[in-house]
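Note: the block below is protein.txt and it holds compact mmCIF, C-alpha atoms.
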# COMPACT_ATOMS: atom_id res chain seq x y z
CA MET A 3 7.74 12.29 11.32
CA ALA A 4 9.59 9.55 9.49
CA GLY A 5 12.95 10.84 10.58
CA GLU A 6 11.98 10.54 14.24
CA THR A 7 10.69 6.99 14.24
CA GLU A 8 12.70 3.87 14.72
CA GLU A 9 11.26 2.45 11.53
CA GLY A 10 12.37 5.54 9.64
CA ARG A 11 16.04 5.43 10.68
CA GLY A 12 17.40 4.38 7.37
CA GLY A 13 14.93 1.54 6.92
CA VAL A 14 16.00 -0.27 10.12
CA ILE A 15 13.26 -2.02 12.04
CA GLY A 16 13.34 -2.50 15.79
CA ARG A 17 12.99 -5.61 17.91
CA SER A 18 9.22 -5.38 18.18
CA GLN A 19 9.00 -5.10 14.39
CA TRP A 20 11.14 -8.22 13.98
CA LYS A 21 8.63 -10.06 16.16
CA TRP A 22 5.84 -8.90 13.86
CA LEU A 23 7.85 -10.18 10.90
CA VAL A 24 8.07 -13.61 12.51
CA VAL A 25 4.33 -13.56 13.23
CA SER A 26 3.56 -12.49 9.66
CA ILE A 27 5.75 -15.23 8.14
CA ALA A 28 4.30 -17.86 10.49
CA PHE A 29 0.74 -16.84 9.62
CA SER A 30 1.53 -16.97 5.90
CA LEU A 31 3.16 -20.41 6.18
CA VAL A 32 0.18 -21.83 8.08
CA VAL A 33 -2.29 -20.54 5.49
CA LEU A 34 -0.14 -21.81 2.60
CA ALA A 35 0.08 -25.23 4.25
CA LEU A 36 -3.72 -25.35 4.54
CA VAL A 37 -4.12 -24.24 0.92
CA LEU A 38 -1.81 -27.02 -0.25
CA TYR A 39 -3.54 -29.58 1.99
CA PHE A 40 -6.93 -28.87 0.42
CA THR A 41 -5.81 -28.46 -3.20
CA VAL A 42 -2.99 -30.94 -3.91
CA THR A 43 -4.17 -34.06 -5.78
CA LYS A 44 -2.58 -36.72 -7.99
CA GLU A 45 -3.16 -34.39 -10.93
CA THR A 46 -0.99 -31.77 -9.20
CA PHE A 47 2.06 -34.03 -9.55
CA LEU A 48 1.34 -34.49 -13.26
CA TYR A 49 1.52 -30.71 -13.66
CA LEU A 50 4.75 -30.55 -11.65
CA ARG A 51 6.38 -33.05 -14.02
CA ARG A 52 5.76 -30.59 -16.86
CA LEU A 53 7.27 -27.71 -14.89
CA ASN A 54 9.06 -25.21 -17.15
CA PRO A 55 11.73 -23.29 -15.16
CA PHE A 56 12.10 -20.70 -17.96
CA PHE A 57 8.74 -19.08 -17.17
CA LEU A 58 9.42 -19.13 -13.43
CA VAL A 59 12.73 -17.34 -13.99
CA LEU A 60 10.92 -14.90 -16.28
CA ALA A 61 8.43 -14.22 -13.47
CA ILE A 62 11.29 -13.31 -11.09
CA VAL A 63 12.94 -11.14 -13.77
CA PHE A 64 9.71 -9.17 -14.23
CA HIS A 65 9.40 -8.75 -10.46
CA PHE A 66 12.85 -7.15 -10.36
CA LEU A 67 11.90 -5.11 -13.43
CA ALA A 68 8.95 -3.79 -11.41
CA TYR A 69 11.41 -2.61 -8.73
CA GLY A 70 13.17 -0.63 -11.45
CA PHE A 71 9.95 1.00 -12.65
CA TRP A 72 9.11 1.93 -9.04
CA ALA A 73 12.56 3.50 -8.64
CA MET A 74 12.13 5.45 -11.88
CA ARG A 75 8.76 6.72 -10.68
CA ILE A 76 10.37 8.18 -7.57
CA LYS A 77 13.27 9.60 -9.59
CA VAL A 78 11.11 11.44 -12.15
CA MET A 79 8.71 12.73 -9.48
CA ALA A 80 11.60 14.06 -7.40
CA LYS A 81 13.16 15.67 -10.49
CA SER A 82 9.87 17.43 -11.33
CA LEU A 83 10.05 19.13 -7.92
CA GLY A 84 13.64 20.19 -8.56
CA HIS A 85 15.57 17.41 -6.80
CA ARG A 86 18.12 15.08 -8.40
CA VAL A 87 18.03 11.62 -6.85
CA GLY A 88 20.12 8.88 -8.46
CA PHE A 89 18.43 5.81 -9.92
CA MET A 90 20.52 3.36 -7.86
CA TYR A 91 19.70 5.30 -4.70
CA CYS A 92 15.99 5.16 -5.56
CA LEU A 93 16.26 1.45 -6.33
CA ASN A 94 17.92 0.79 -2.98
CA LEU A 95 15.28 2.70 -1.01
CA VAL A 96 12.51 0.91 -2.92
CA MET A 97 13.97 -2.48 -2.06
CA ALA A 98 14.67 -1.48 1.57
CA ASN A 99 11.06 -0.36 2.04
CA LEU A 100 9.88 -3.90 1.18
CA LEU A 101 11.04 -5.20 4.56
CA ALA A 102 9.01 -2.67 6.54
CA GLY A 103 6.06 -3.24 4.21
CA ALA A 104 6.13 -6.95 5.00
CA ILE A 105 5.36 -6.34 8.69
CA THR A 106 2.72 -3.61 8.45
CA PRO A 107 -0.93 -3.71 7.31
CA ALA A 108 -1.41 -2.52 3.72
CA GLN A 109 2.42 -2.28 3.55
CA ALA A 110 2.12 1.18 5.12
CA GLY A 111 5.42 0.77 6.97
CA GLY A 112 7.34 1.21 3.74
CA GLU A 113 6.18 4.81 3.34
CA PRO A 114 8.15 6.27 6.29
CA VAL A 115 11.24 4.45 5.01
CA ARG A 116 10.90 6.02 1.56
CA ILE A 117 10.27 9.47 3.02
CA HIS A 118 13.26 9.18 5.36
CA GLN A 119 15.64 7.99 2.63
CA LEU A 120 14.57 10.80 0.28
CA TYR A 121 15.12 13.25 3.13
CA ARG A 122 18.60 11.76 3.68
CA ASP A 123 19.36 12.59 0.04
CA ASN A 124 18.60 16.28 0.65
CA VAL A 125 14.98 16.23 -0.52
CA PRO A 126 13.04 18.57 1.82
CA LEU A 127 10.68 16.71 4.14
CA GLY A 128 7.60 18.34 2.61
CA ASP A 129 8.59 17.32 -0.93
CA ALA A 130 9.60 13.81 0.19
CA THR A 131 6.21 13.39 1.86
CA ALA A 132 4.44 14.73 -1.24
CA ILE A 133 6.25 12.23 -3.48
CA VAL A 134 5.27 9.25 -1.31
CA VAL A 135 1.66 10.40 -0.81
CA VAL A 136 1.16 10.98 -4.55
CA GLU A 137 2.71 7.55 -5.23
CA ARG A 138 -0.23 6.01 -3.37
CA VAL A 139 -2.66 8.21 -5.28
CA LEU A 140 -1.18 7.17 -8.64
CA ASP A 141 -1.38 3.50 -7.60
CA ALA A 142 -5.07 3.86 -6.80
CA VAL A 143 -5.85 5.83 -9.98
CA VAL A 144 -3.99 3.41 -12.28
CA LEU A 145 -5.62 0.41 -10.61
CA GLY A 146 -9.01 2.10 -10.87
CA VAL A 147 -8.62 2.86 -14.57
CA ALA A 148 -7.30 -0.67 -15.18
CA ALA A 149 -10.29 -2.16 -13.36
CA ILE A 150 -12.74 -0.10 -15.40
CA ALA A 151 -10.95 -0.90 -18.67
CA ALA A 152 -10.73 -4.62 -17.87
CA PHE A 153 -14.45 -4.71 -17.03
CA PHE A 154 -15.36 -3.27 -20.44
CA ILE A 155 -12.77 -5.31 -22.34
CA LEU A 156 -14.29 -8.47 -20.92
CA GLY A 157 -17.51 -7.36 -22.63
CA ARG A 158 -18.58 -10.32 -24.69
CA MET A 159 -16.57 -12.66 -22.48
CA VAL A 160 -18.78 -11.97 -19.46
CA GLU A 161 -20.91 -15.06 -20.14
CA ASP A 162 -17.79 -17.25 -19.89
CA VAL A 163 -16.72 -15.71 -16.60
CA PRO A 164 -17.86 -17.53 -13.42
CA PRO A 165 -20.89 -15.72 -11.89
CA GLN A 166 -19.09 -15.35 -8.53
CA LEU A 167 -16.16 -13.59 -10.20
CA ASN A 168 -18.55 -11.36 -12.11
CA ILE A 169 -20.04 -10.16 -8.84
CA VAL A 170 -16.61 -9.47 -7.35
CA ILE A 171 -15.54 -7.64 -10.53
CA PHE A 172 -18.67 -5.48 -10.44
CA PHE A 173 -18.23 -4.39 -6.82
CA THR A 174 -14.51 -3.77 -7.35
CA TRP A 175 -15.35 -1.65 -10.38
CA VAL A 176 -17.99 0.33 -8.47
CA GLY A 177 -15.56 0.84 -5.57
CA MET A 178 -12.86 2.14 -7.91
CA VAL A 179 -15.27 4.53 -9.65
CA VAL A 180 -16.38 5.87 -6.26
CA PHE A 181 -12.77 6.25 -5.13
CA ILE A 182 -11.70 8.16 -8.26
CA GLY A 183 -14.79 10.38 -7.93
CA LEU A 184 -14.02 11.11 -4.28
CA PHE A 185 -10.39 11.79 -5.17
CA ILE A 186 -11.32 14.39 -7.82
CA VAL A 187 -13.80 16.09 -5.51
CA SER A 188 -11.47 16.03 -2.49
CA VAL A 189 -8.59 17.61 -4.43
CA ARG A 190 -10.84 20.51 -5.35
CA ASN A 191 -12.56 20.67 -1.95
CA PRO A 192 -10.59 19.09 0.96
CA GLU A 193 -13.24 20.15 3.49
CA PHE A 194 -15.66 17.77 1.75
CA LEU A 195 -13.30 14.84 2.35
CA LYS A 196 -12.86 15.86 5.99
CA ARG A 197 -16.63 15.84 6.50
CA ILE A 198 -16.94 12.38 4.92
CA LEU A 199 -14.15 10.90 7.06
CA LYS A 200 -15.45 12.45 10.29
CA THR A 201 -19.01 11.32 9.60
CA SER A 202 -17.94 7.77 8.74
CA SER A 203 -15.75 7.55 11.88
CA ARG A 204 -18.48 8.54 14.35
CA PRO A 205 -20.05 5.06 14.70
CA PHE A 206 -16.64 3.72 15.75
CA CYS A 207 -16.05 6.53 18.25
CA ARG A 208 -19.26 6.42 20.29
CA ARG A 209 -17.54 4.62 23.17
CA TRP A 210 -14.51 6.88 23.11
CA ASP A 211 -14.02 9.75 25.49
CA LEU A 212 -13.95 13.32 24.19
CA THR A 213 -10.13 13.52 24.27
CA ARG A 214 -9.61 10.48 22.04
CA PHE A 215 -12.28 11.66 19.62
CA GLU A 216 -10.66 15.09 19.44
CA ARG A 217 -7.28 13.48 18.68
CA LEU A 218 -8.87 11.50 15.85
CA ARG A 219 -10.51 14.64 14.48
CA CYS A 220 -7.21 16.52 14.53
CA SER A 221 -5.48 13.55 12.89
CA ILE A 222 -8.06 13.50 10.07
CA ASP A 223 -7.64 17.25 9.53
CA ARG A 224 -3.85 16.92 9.46
CA GLU A 225 -3.77 13.96 7.06
CA VAL A 226 -6.32 15.47 4.66
CA ASP A 227 -4.39 18.76 4.61
CA ASN A 228 -1.17 16.83 4.01
CA PHE A 229 -2.84 14.91 1.16
CA HIS A 230 -4.22 18.11 -0.39
CA ASP A 231 -0.90 19.98 -0.06
CA SER A 232 0.99 17.05 -1.61
CA VAL A 233 -1.29 16.84 -4.65
CA SER A 234 -1.36 20.65 -5.00
CA ARG A 235 2.43 20.74 -4.91
CA PHE A 236 2.61 18.44 -7.93
CA VAL A 237 -0.24 20.15 -9.78
CA ALA A 238 1.49 23.52 -9.35
CA HIS A 239 5.15 22.58 -9.84
CA GLY A 240 5.50 18.94 -10.82
CA ARG A 241 3.05 18.14 -13.63
CA ALA A 242 5.79 16.41 -15.59
CA GLY A 243 6.36 14.25 -12.53
CA LEU A 244 2.68 13.34 -12.46
CA LEU A 245 2.77 12.29 -16.12
CA GLY A 246 6.03 10.38 -15.78
CA GLY A 247 4.93 8.91 -12.46
CA THR A 248 1.67 7.71 -13.99
CA ALA A 249 3.53 6.05 -16.88
CA PHE A 250 5.96 4.24 -14.59
CA THR A 251 3.11 3.29 -12.25
CA ALA A 252 1.32 1.62 -15.16
CA LEU A 253 4.53 -0.19 -16.16
CA PHE A 254 5.07 -1.25 -12.54
CA TRP A 255 1.62 -2.80 -12.17
CA PHE A 256 1.76 -4.41 -15.62
CA SER A 257 5.08 -6.06 -14.71
CA GLU A 258 3.63 -7.32 -11.43
CA PHE A 259 0.32 -8.52 -12.86
CA ILE A 260 1.84 -10.47 -15.79
CA ILE A 261 3.85 -12.58 -13.33
CA VAL A 262 0.94 -14.87 -12.45
CA SER A 263 0.41 -15.66 -16.14
CA PHE A 264 4.09 -16.63 -16.38
CA ILE A 265 3.71 -18.87 -13.32
CA LEU A 266 0.65 -20.52 -14.88
CA MET A 267 2.56 -21.22 -18.09
CA GLY A 268 5.47 -22.49 -16.01
CA ILE A 269 3.26 -25.17 -14.46
CA GLY A 270 1.63 -26.12 -17.78
CA GLU A 271 -1.62 -24.16 -17.58
CA GLU A 272 -3.14 -21.51 -19.84
CA PRO A 273 -1.99 -17.95 -18.96
CA TYR A 274 -5.53 -16.46 -18.72
CA TYR A 275 -4.07 -13.00 -19.37
CA LEU A 276 -7.26 -10.95 -19.08
CA LEU A 277 -8.95 -12.94 -16.31
CA SER A 278 -5.67 -13.00 -14.40
CA LEU A 279 -5.36 -9.22 -14.79
CA VAL A 280 -8.84 -8.76 -13.31
CA ALA A 281 -8.04 -11.21 -10.50
CA GLN A 282 -4.79 -9.38 -9.70
CA ILE A 283 -6.57 -6.01 -9.54
CA ILE A 284 -9.12 -7.43 -7.10
CA ILE A 285 -6.40 -9.02 -4.96
CA ALA A 286 -4.37 -5.77 -4.99
CA VAL A 287 -7.43 -3.84 -3.76
CA ILE A 288 -8.06 -6.40 -1.01
CA MET A 289 -4.41 -6.21 0.07
CA MET A 290 -4.72 -2.44 0.47
CA ILE A 291 -7.18 -3.02 3.31
CA PRO A 292 -5.15 -2.85 6.58
CA LEU A 293 -6.05 -6.22 8.10
CA THR A 294 -2.84 -8.18 8.76
CA PRO A 295 0.94 -7.44 8.63
CA GLY A 296 2.03 -7.57 5.01
CA SER A 297 -1.49 -8.84 4.17
CA SER A 298 -0.21 -12.20 5.38
CA GLY A 299 -2.93 -14.84 5.14
CA ILE A 300 -5.34 -12.44 3.45
CA ALA A 301 -3.33 -12.48 0.20
CA GLU A 302 -3.12 -16.27 0.16
CA LEU A 303 -6.82 -16.80 0.88
CA SER A 304 -8.03 -14.17 -1.59
CA ALA A 305 -5.77 -15.50 -4.37
CA THR A 306 -6.90 -19.08 -3.70
CA SER A 307 -10.58 -18.09 -3.70
CA ILE A 308 -10.44 -15.96 -6.85
CA TYR A 309 -8.14 -18.11 -9.02
CA GLY A 310 -10.01 -21.21 -7.88
CA LEU A 311 -13.00 -19.89 -9.82
CA PHE A 312 -11.41 -20.30 -13.25
CA ILE A 313 -8.29 -22.49 -13.11
CA ASN A 314 -7.85 -26.18 -12.35
CA SER A 315 -8.31 -26.62 -8.59
CA SER A 316 -5.41 -29.09 -8.41
CA ILE A 317 -2.86 -26.37 -9.25
CA VAL A 318 -4.34 -23.46 -7.29
CA GLY A 319 -2.22 -24.28 -4.24
CA ILE A 320 1.01 -24.52 -6.24
CA LEU A 321 0.20 -21.25 -8.01
CA VAL A 322 -0.44 -19.40 -4.76
CA VAL A 323 2.72 -20.78 -3.12
CA VAL A 324 4.97 -19.72 -6.02
CA TRP A 325 3.21 -16.34 -6.23
CA ARG A 326 3.77 -15.63 -2.53
CA VAL A 327 7.37 -16.84 -2.67
CA ILE A 328 8.04 -14.18 -5.32
CA PHE A 329 5.87 -11.37 -3.95
CA TYR A 330 6.38 -11.86 -0.21
CA TYR A 331 9.33 -14.04 0.78
CA LEU A 332 11.60 -12.73 -1.98
CA ASN A 333 10.65 -9.19 -0.98
CA ILE A 334 11.74 -9.88 2.59
CA ILE A 335 15.12 -11.24 1.45
CA VAL A 336 15.65 -8.30 -0.93
CA GLY A 337 14.59 -5.86 1.80
CA ILE A 338 17.12 -7.26 4.28
CA VAL A 339 19.95 -7.14 1.72
CA ALA A 340 19.05 -3.58 0.67
CA THR A 341 19.02 -2.43 4.29
CA ILE A 342 22.73 -3.29 4.77
CA PRO A 343 24.15 -0.31 2.79
CA ILE A 344 21.63 1.96 4.52
CA LEU A 345 22.85 0.75 7.91
CA GLN A 346 26.42 1.41 6.83
CA ARG A 347 25.56 4.97 5.75
CA GLU A 348 23.77 5.60 9.03
CA MET A 349 26.75 4.36 11.05
CA VAL A 350 29.13 6.62 9.11
CA ARG A 351 26.76 9.56 9.58
CA ARG A 352 26.47 9.01 13.33
CA GLU A 353 30.23 8.66 13.72
CA GLY A 354 30.58 11.99 11.90
CA GLU A 355 28.03 13.63 14.19
CA HIS A 356 29.55 12.11 17.35
CA PRO A 357 33.28 11.56 16.70
CA LYS A 358 35.10 9.30 19.16
CA VAL A 359 37.40 11.14 21.58
So that I can check it, write out the structure of this file as C-alpha cells.
Amino acid sequence: MAGETEEGRGGVIGRSQWKWLVVSIAFSLVVLALVLYFTVTKETFLYLRRLNPFFLVLAIVFHFLAYGFWAMRIKVMAKSLGHRVGFMYCLNLVMANLLAGAITPAQAGGEPVRIHQLYRDNVPLGDATAIVVVERVLDAVVLGVAAIAAFFILGRMVEDVPPQLNIVIFFTWVGMVVFIGLFIVSVRNPEFLKRILKTSSRPFCRRWDLTRFERLRCSIDREVDNFHDSVSRFVAHGRAGLLGGTAFTALFWFSEFIIVSFILMGIGEEPYYLLSLVAQIIIAVIMMIPLTPGSSGIAELSATSIYGLFINSSIVGILVVVWRVIFYYLNIIVGIVATIPILQREMVRREGEHPKV
C-alpha cells in the first residue's frame, strides 16, 4: 500500500522518479518551444507590449486559492468519517502531492502521497484510501455536471462556436453522461462494473499467458471492491463529507478554470469565460487519460489545438506557456518546497524508532 512504497514515504520520490521528472520537464519544454515557433508573429509582440501584470498575479493567486479549496475538501471529508486533520496539514499534503503528480500519468502518483500523509496523521488506512478514492469520484462528477451544464448554457451560442469545437464538446458531453451513468450503476451493483472492465480488457490480453491474465482479473476485482467500499463508507457514515467535498470540489475547479480567462485579459484579449470553461473541461478530461508523466506534452498540444479554434492564433503560444508555467512548473516548485517539512518529520520519526546508541 502507500505506506510501503518509496513514493509514499512522506511524499519523497526516489532516484528513478527524479529521472522521470527530468524527462517530463524536457518533453514539456520541447513541445512548448514548438508551439511558440509555430504561433509567434509580429502581432504577438504587440500583445506583449500591452501586458497587464495585475491579471497574471491574480491568476497565480487563484491557483493558490485552489490549493486551499482542495485542502478544505480533504479536511471536511476526513471530519465526516470522525477524524480531525488540521487545515495546514491538509494544505501541506496537497502541495506535496503535486510533485509526485508531475511525474506520473494522469497525476496518479499524488494519490499514494495523500493516503500516506493522512495515515501519518492517525487516519486509518481504509478511511484514508476512501477519502482519496472519493476525491477522484467527486472530480469526475463535478466535471461531468459542469460539462453538461456548459453544453446547455451555450444553447443559442452554438452557431458562433467553431464546428470543430462543437464536435469535441458533444463527444466530451456524451462521455461524461456515460461515466456518470456507469458510476451510479456500479455503486449499486459492483459486479456489473467488474464484468464491463473484464470484458473490455480481453482484447488487450489475448497475447498474455494465463498467469498474467489472472493477475489482471484479481487486480480489477480488488480495485472495484475498494472503490465500492470507499463510496459505501461515505454514503453510510460521511454524507456531510460528500456534500462538503462536492462544494469544495466545485470551488476548486472554478478557481482553476477561471485562471485562463485572467491570463487572456493579462495579454490584452477577451476572457471568453464560457468558451474557456468548456475548453478547460475538455482539456481536464484529456489530461485524465494516462498517456505521459504529468500529461507533459499532451496538455500543451490539447490546449493549443482547442484554444486555437477561437482565439487569435498569434497569442495561443503565449497563453499556453503562461498556463503551463502556473499549472505545471509552479506545481513542481511548490511540491518540492512542501516536501521539506515532510522529510523533516520522517527523519524525526525514524530517529525515534531507531535511536542512536
Q.
With distances taken over all atoms listed in the file, which residue among A:Leu53, A:Leu34, A:Leu244, A:Val25 lies nearest Ile133 (chain A)?
A.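 Of A:Leu53, A:Leu34, A:Leu244, A:Val25, the one nearest Ile133 (chain A), counting all atoms listed in the file, is A:Leu244.
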Q.
One decimal, in Å: what's the spacing between CA of Ala152 (chain A) and CA of Val135 (chain A)?
A.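 Separation between CA of Ala152 (chain A) and CA of Val135 (chain A): 25.9 Å.
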Q: Name the residues in contact with Leu253 (chain A) at a cut-off of 8 Å, using only C-alpha atoms, excluding same-chain residues fewer than 3 positions from it; report them as a list in words.
A: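 These residues fall inside the cut-off: Ala68, Phe71, Ala249, Phe250, Phe256 and Ser257 of chain A.
Closest to Ile308 (chain A) among A:Leu184, A:Leu36, A:His118, A:Ile169 is A:Ile169, based on all atoms listed in the file.
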**Q.** Counting all atoms listed in the file, the option among A:Pro295, A:Gly128, A:Gly183, A:Pro107 closest to Ser232 (chain A)
**A.** A:Gly128
(Q) I want to know what sits within 12 Å of Leu31 (chain A), based on all atoms listed in the file, with residues of the same chain fewer than 2 positions away left out; could you give that as an MDAnalysis selection string? (A) chainID A and resid 24:29 33:38 298:303 322:323 326:327 330:331
Q. Can you tell me how far CA of Phe264 (chain A) sits from CA of Phe56 (chain A), in Å to one decimal?
A.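 Going from CA of Phe264 (chain A) over to CA of Phe56 (chain A), I get 9.1 Å.
Proximity to Leu50 (chain A) was assessed for A:Leu332, A:Leu279, A:Ile269, A:Ile284 counting all atoms listed in the file; the smallest distance is recorded for A:Ile269.
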Q. For the atom pair CA of Glu272 (chain A) and CA of Ser297 (chain A), what is the interatomic distance in Å to one decimal place?
A.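 That distance, rounded to one decimal, is 27.2 Å.
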Q | Neighbours of point (6.8, -20.6, -14.0) within 6 Å, using all atoms listed in the file, written as a PyMOL selection string | A | chain A and resi 55+57-58+264-265+267-269
Q: Point out the residue among A:Thr251, A:Arg351, A:Ile328, A:Ser278 with the least atom-to-atom distance to Val147 (chain A), counting all atoms listed in the file.
A: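 Looking at the shortest contact to Val147 (chain A), the residue is A:Thr251.
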